[in-house]
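Asker: This is the structure I have questions about; it appears just below.
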Amino acid sequence: MAFDSSSLTKFPTPEATAPLICFSHLRWNSVFQRPHQIMSRFARQRPTWFFEEPLAHDRAMLSTTICRKTGVHVVTPLLPDPHDTEALARLLDQLLAKTGRTAAWYYTPLARKFSAHVNWRCVAFDCMDELSAFRFASPELKLLESELMRAADVVFAGGASLYEARKDRHDNIHCLPSGVDLAHFMAARVPLAEPEDQARLPRPVLGYFGVIDERLDLDLIAGIARLRTDWQIVMIGPLAKLSAEELPRAHNIHWLGPREYADLPAYLSHWNLALMPFALNEATRFISPTKAPEYLAGGKRVVSTPITDVVRRFEGITAVTIARDAEGFVAAAAAAMREGDDSDFVAVDDLLATISWDGIHDRMAALLSAAEMRRMAAPVVHMRAAAIADTLVVGAGFAGAVMAERLAASGQKVMVVDRRPHLGGNAYDEHDDAGLLVHRYGPHIFHTNSDDVLRYLSRFTAWRPYEHRVLSLTERGLVPMPINRTTLNRMFGLHLADEATTQEFLASLAEEVGEVRSARDFVVSSVGRKLYEALFRGYTVKQWGVDPAELDRSVTARVPTRISADDRYFLDRHQCMPAAGYTRMFENMLDHPNIVFVPSTDHVDVPRARFRHTVFTGPVDAYFNHRFGELPYRSLIFEHETRDVEFAQPVATINYPALDTPYTRCTEFKHITGQSHRRTSLCRERSSAEGEPYYPVPNAANQALYKRYEALADQERDVTFLGRLGTYRYLNMDQVVGQALTAARRLTQRTLAGMRAAE
């Protein structure tokens with residue numbers, strides 16, 4: 001069946017009506033966990049079937065109900081012998097005869113015993129737990145998981161520990177820890193009507209909701225209750241793999257049993273503290289509990305045992321405290337309940353904003369669509385393939401995103417693909433494990449003199465004013481860059497007081513070099529050899545891997561020299577940062593019904609013939625398979641570090657021009673983002689000739705080589721090359737946006753002209 005381009009929506013499936021069958025070890029009407037959250041959201045896009053584990057019944061049949069709240073089809077196999085896999089396979093085949101060819105989504109590898117024979121559209125494995133470590137686990141689990149990993153087109157890991165244990169077992173695995181239903185649990189931040197069974201209890205109340213199973217430390221719960229008999233411990237959830245006799249009993253431990261998901265905020269609203277009393281055993285070694293985000297969303301502080309993924313994920317979040325034993329829990333809980341300042345919940349909310357179930361589902365849906373699309377791309381021999389979309393955009397950075405948005409706004413259907421698992425290109429930002437907003441690929445400072453560029457981007461983001469400042473470490477200490485009057489005074493021990501004397505002094509430093517051709521020539525002829533050696537030479541050698549004498553003058557000409565004391569790095573009229581970060585801005589740009597974004601996909605895996613036009617923002621030499629040899633690029637290596645101080649540097653960026661320091665600069669992101677946090681994040685950069693291409697290397701030989709590729713590019717009428725890599729030019733972000741806006745106008749006009757000619 002051909003792809004219907006008229007059905008494109010945000011993160012759609014290749015066929016809008018293609019069903020999805022989820023095989024889960026959890027029942028639909030149990031605790032509302034990861035499978036329920038994800039499948040509820042898939043049901044908004046496509047028919048979704050939740051295939052439960054079988055139950056005993058006097059005859060073989062499928063019991064099917066539709067969840068009225070979510071639209072999920074809940075399928076329960078009924079069998080005389082629930083272990084009869086052949087009968088179970090026949091029931092599955094009956095369902096597939098009704099649904100047609102579907103995609104399979106596995107939470108339990110055991111389902112492979114009766115479903116491996118099916119020719120699925122696509123296979124996804126969402127590994128949310130180390131099931132083989134659970135109590136009464138099947139000895140077949142590990143073997144079946146290995147088979148499932150081989151069969152899967154895409155794999156998700158529900159936590160960092162699960163990911164680390166599996167990352168080398170699949171080439172398309174993604175770490176997506178569980179999220180939180182923000183609107184649902186944030187309702188607990190205001191007083192709700194308290195359920196009667198909890199309202200009658202004395203205060204304070206320390207609570208837990210979730211499955212009551214072997215992952216809980218029952219001795220720890222008993223110890224807390226024994227040490228603080230005036231505290232009430234409320235435990236909400238169904239009992240699983242434990243008997244009621246195994247539960248500790250005390251007058252202040254209250255086992256309330258399972259409660260509806262809709263009712264949990266009402267209980268949470270009245271807790272004084274939330275507990276995560278997990279045991280430290282094989283069953284919890286890889287867990288990434290959903291409880292902490294839910295408790296925090298409800299405005300409750302949390303005390304947890306040192307579960308690895310909890311420690312990692314909430315490092316730096318003071319609302320989450322770690323304790324190992326009953327005494328530690330009591331001390332931590334008492335301190336948390338005394339805390340009257342909730343300003344640390346600003347960092348909590350910043351973190352929660354990045355881990356919503358909606359966002360996690362959107363990324364999963366995109367990756368599933370990409371996997372389905374790769375299967376779709378198999379050669380079709382019986383008919384001409386229909387167009388997938390009007391335009392394929394390769395790269396989801398500034399150039400690609402602007403082109404996609406403009407073309408989509410003109411009515412075109414656009415598919416955007418990117419090799420990386422995210423949008424935003426090198427401008428991608430994210431919250432790290434400490435909750436700090438960081439730029440993964442180094443600092444990106446927005447500045448422009450173009451009202452048009454700023455006006456365009458303002459459709460997708462609000463702005464935070466920010467003026468970037470840089471200091472350079474020299475033998476005379478830290479001095480401002482670019483060179484200004486303060487720099488000269490510190491470097492030469494002077495007291496230049498006005499622009500006239502500063503200009504005169506600069507002129508005295510300048511040296512005659514003849515024709516100014518290289519980066520070295522430009523600096524020496526402007527400010528002399530001493531400043532060249534102190535501020536430029538070492539930095540440039542480390543950044544570009546060659547002596548400045550071998551680089552085009554444009555490399556150093558980008559850095560001005562000032563006779564004033566103005567220490568701003570840029571002088572553009574507009575200097576600001578996206579208020580919610582670059583990633584949010586890119587998400588808003590691509591949030592259009594005519595745009596499909598498919599991450600983790602190389603353009604070579606996409607059937608180009610099924611698009612009328614291609615916008616290519618990757619390396620132009622790679623597009624032509626390096627026909628004339630590889631164009632040289634510089635790459636960057638980033639070392640991110642979190643420190644337990646509020647600020648570590650006086651300004652955002654410090655340059656290190658000395659050759660005995662391996663990195664070129666160090667950036668502290670909180671200066672740039674304006675985030676309030678008790679910790680800080682630093683990023684050191686080192687340049688490399690190997691790795692992801694970041695900067696074209698500007699010299700005459702490279703430019704001549706590029707001209708040969710440019711001639712090939714000019715012959716590609718149905719391809720537009722854009723951006724730093726596509727046009728082999730160093731461009732600032734605003735220049736890329738301007739370039740893309742111009743290209744989009746031309747392409748739109750050309751498309752309209754073609755349509756008129758066809759009429």
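Please note that chains go A, B, ... in the order of the structure tokens, that every chain numbers its residues from 1, and that ligands are numbered from 1 in the order shown.
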Name the residues of region 479-566 of chain A that fall into alpha helix (DSSP H) according to DSSP on the backbone, using the chain letters and numbers of this document, as an MDAnalysis selection string.
Answerer: chainID A and resid 485:492 499:509 519:531 538:544 554:557
Asker: For those residues, write N, CA and C atoms to a file as a short mmCIF file (atom, residue, chain, number, x, y, z; two decimals), in the first residue's frame.
Answerer:
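Final output, result35.cif:
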data_model
loop_
_atom_site.label_atom_id
_atom_site.label_comp_id
_atom_site.auth_asym_id
_atom_site.auth_seq_id
_atom_site.Cartn_x
_atom_site.Cartn_y
_atom_site.Cartn_z
N ARG A 485 39.94 48.55 25.14
CA ARG A 485 40.86 49.41 25.89
C ARG A 485 41.31 48.73 27.18
N THR A 486 40.40 48.01 27.84
CA THR A 486 40.75 47.31 29.08
C THR A 486 41.81 46.25 28.80
N THR A 487 41.67 45.53 27.69
CA THR A 487 42.66 44.51 27.32
C THR A 487 44.04 45.13 27.18
N LEU A 488 44.11 46.24 26.49
CA LEU A 488 45.41 46.90 26.26
C LEU A 488 46.02 47.39 27.56
N ASN A 489 45.20 47.97 28.42
CA ASN A 489 45.71 48.47 29.70
C ASN A 489 46.30 47.33 30.53
N ARG A 490 45.62 46.19 30.57
CA ARG A 490 46.10 45.07 31.39
C ARG A 490 47.32 44.41 30.75
N MET A 491 47.32 44.25 29.45
CA MET A 491 48.42 43.55 28.79
C MET A 491 49.71 44.37 28.80
N PHE A 492 49.58 45.71 28.76
CA PHE A 492 50.77 46.55 28.66
C PHE A 492 50.99 47.43 29.89
N GLU A 499 39.31 57.14 23.69
CA GLU A 499 39.41 56.44 22.42
C GLU A 499 40.54 56.97 21.55
N ALA A 500 40.82 58.27 21.66
CA ALA A 500 41.87 58.86 20.82
C ALA A 500 43.24 58.28 21.17
N THR A 501 43.56 58.25 22.47
CA THR A 501 44.87 57.72 22.86
C THR A 501 44.95 56.21 22.61
N THR A 502 43.82 55.54 22.75
CA THR A 502 43.79 54.10 22.48
C THR A 502 44.05 53.84 21.00
N GLN A 503 43.43 54.62 20.14
CA GLN A 503 43.63 54.46 18.71
C GLN A 503 45.09 54.71 18.34
N GLU A 504 45.66 55.71 18.97
CA GLU A 504 47.07 56.04 18.70
C GLU A 504 47.98 54.91 19.15
N PHE A 505 47.68 54.32 20.31
CA PHE A 505 48.52 53.23 20.80
C PHE A 505 48.39 51.99 19.91
N LEU A 506 47.18 51.68 19.49
CA LEU A 506 46.98 50.54 18.60
C LEU A 506 47.76 50.71 17.31
N ALA A 507 47.73 51.92 16.79
CA ALA A 507 48.46 52.19 15.55
C ALA A 507 49.96 51.95 15.74
N SER A 508 50.45 52.22 16.95
CA SER A 508 51.88 52.02 17.21
C SER A 508 52.24 50.53 17.29
N LEU A 509 51.24 49.69 17.60
CA LEU A 509 51.49 48.25 17.69
C LEU A 509 51.50 47.58 16.32
N ALA A 519 45.35 34.63 8.16
CA ALA A 519 44.83 35.01 9.46
C ALA A 519 45.92 35.65 10.31
N ARG A 520 47.16 35.17 10.17
CA ARG A 520 48.28 35.78 10.91
C ARG A 520 48.53 37.19 10.40
N ASP A 521 48.54 37.37 9.10
CA ASP A 521 48.78 38.70 8.53
C ASP A 521 47.78 39.71 9.07
N PHE A 522 46.54 39.30 9.14
CA PHE A 522 45.49 40.24 9.54
C PHE A 522 45.72 40.73 10.98
N VAL A 523 46.04 39.81 11.88
CA VAL A 523 46.20 40.20 13.28
C VAL A 523 47.46 41.03 13.47
N VAL A 524 48.57 40.56 12.93
CA VAL A 524 49.85 41.27 13.12
C VAL A 524 49.76 42.68 12.52
N SER A 525 49.13 42.83 11.36
CA SER A 525 49.02 44.14 10.74
C SER A 525 48.05 45.06 11.48
N SER A 526 47.21 44.46 12.35
CA SER A 526 46.22 45.26 13.09
C SER A 526 46.69 45.60 14.50
N VAL A 527 47.25 44.60 15.23
CA VAL A 527 47.57 44.83 16.64
C VAL A 527 48.98 44.39 17.02
N GLY A 528 49.77 43.94 16.07
CA GLY A 528 51.15 43.62 16.36
C GLY A 528 51.38 42.19 16.82
N ARG A 529 52.68 41.86 16.92
CA ARG A 529 53.08 40.48 17.19
C ARG A 529 52.80 40.05 18.64
N LYS A 530 52.93 40.94 19.62
CA LYS A 530 52.76 40.53 21.01
C LYS A 530 51.33 40.07 21.28
N LEU A 531 50.36 40.85 20.84
CA LEU A 531 48.97 40.44 21.06
C LEU A 531 48.62 39.23 20.21
N GLY A 538 48.09 30.62 19.58
CA GLY A 538 47.84 29.31 20.22
C GLY A 538 46.40 28.86 20.08
N TYR A 539 45.48 29.81 20.30
CA TYR A 539 44.06 29.47 20.19
C TYR A 539 43.73 28.99 18.78
N THR A 540 44.25 29.69 17.77
CA THR A 540 43.96 29.35 16.38
C THR A 540 44.58 28.02 15.99
N VAL A 541 45.81 27.77 16.44
CA VAL A 541 46.46 26.48 16.15
C VAL A 541 45.64 25.33 16.73
N LYS A 542 45.18 25.49 17.98
CA LYS A 542 44.38 24.43 18.61
C LYS A 542 43.03 24.27 17.92
N GLN A 543 42.44 25.39 17.53
CA GLN A 543 41.10 25.34 16.94
C GLN A 543 41.12 24.74 15.53
N TRP A 544 42.13 25.12 14.74
CA TRP A 544 42.11 24.75 13.32
C TRP A 544 43.14 23.70 12.94
N SER A 554 39.91 35.59 6.86
CA SER A 554 38.56 35.69 7.40
C SER A 554 38.43 35.05 8.78
N VAL A 555 39.32 34.10 9.11
CA VAL A 555 39.24 33.42 10.41
C VAL A 555 39.40 34.42 11.54
N THR A 556 40.42 35.27 11.46
CA THR A 556 40.66 36.24 12.54
C THR A 556 39.98 37.57 12.29
N ALA A 557 39.59 37.82 11.05
CA ALA A 557 38.89 39.08 10.75
C ALA A 557 37.53 39.13 11.42
#
Asker: Do a neighbour search on Glu587 (chain A) at 10 Å with only C-alpha atoms, toss out local chain neighbours closer than 4 positions, and write the hits as a PyMOL selection string.
Answerer: chain A and resi 401+422-424+460+582-583+591-592+597
Asker: Excluding same-chain residues fewer than 5 positions from region 276-282 of chain A, what lies within 7 Å of it counting only C-alpha atoms, as a ChimeraX atom specification?
Answerer: /A:133,208,215-217,220-221,303-305
Asker: Store the residues picked out above in a file with C-alpha atoms, as an mmCIF file, in the first residue's frame.
Answerer:
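Dumped everything to part-v1.cif:
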data_model
loop_
_atom_site.group_PDB
_atom_site.id
_atom_site.type_symbol
_atom_site.label_atom_id
_atom_site.label_comp_id
_atom_site.auth_asym_id
_atom_site.auth_seq_id
_atom_site.Cartn_x
_atom_site.Cartn_y
_atom_site.Cartn_z
ATOM 1 C CA ALA A 133 15.439 -10.541 37.940
ATOM 2 C CA TYR A 208 3.755 5.612 48.581
ATOM 3 C CA ARG A 215 11.033 -4.569 45.025
ATOM 4 C CA LEU A 216 9.937 -2.855 48.239
ATOM 5 C CA ASP A 217 12.100 -3.069 51.352
ATOM 6 C CA LEU A 220 12.803 -0.638 55.980
ATOM 7 C CA ILE A 221 9.112 0.295 56.093
ATOM 8 C CA VAL A 303 13.092 10.339 50.267
ATOM 9 C CA SER A 304 14.414 7.311 48.376
ATOM 10 C CA THR A 305 16.848 4.496 48.803
#
Asker: Between CA of Val205 (chain A) and CA of Gln232 (chain A), what is the distance in Å, rounded to a tenth?
Answerer: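 Going from CA of Val205 (chain A) over to CA of Gln232 (chain A), I get 4.8 Å.
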Asker: Would you please work out which residue, of A:Asp219, A:Asp621, A:Glu245, A:Asp429, is nearest to Phe721 (chain A) when using only C-alpha atoms?
Answerer: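 Closest candidate: A:Asp621.
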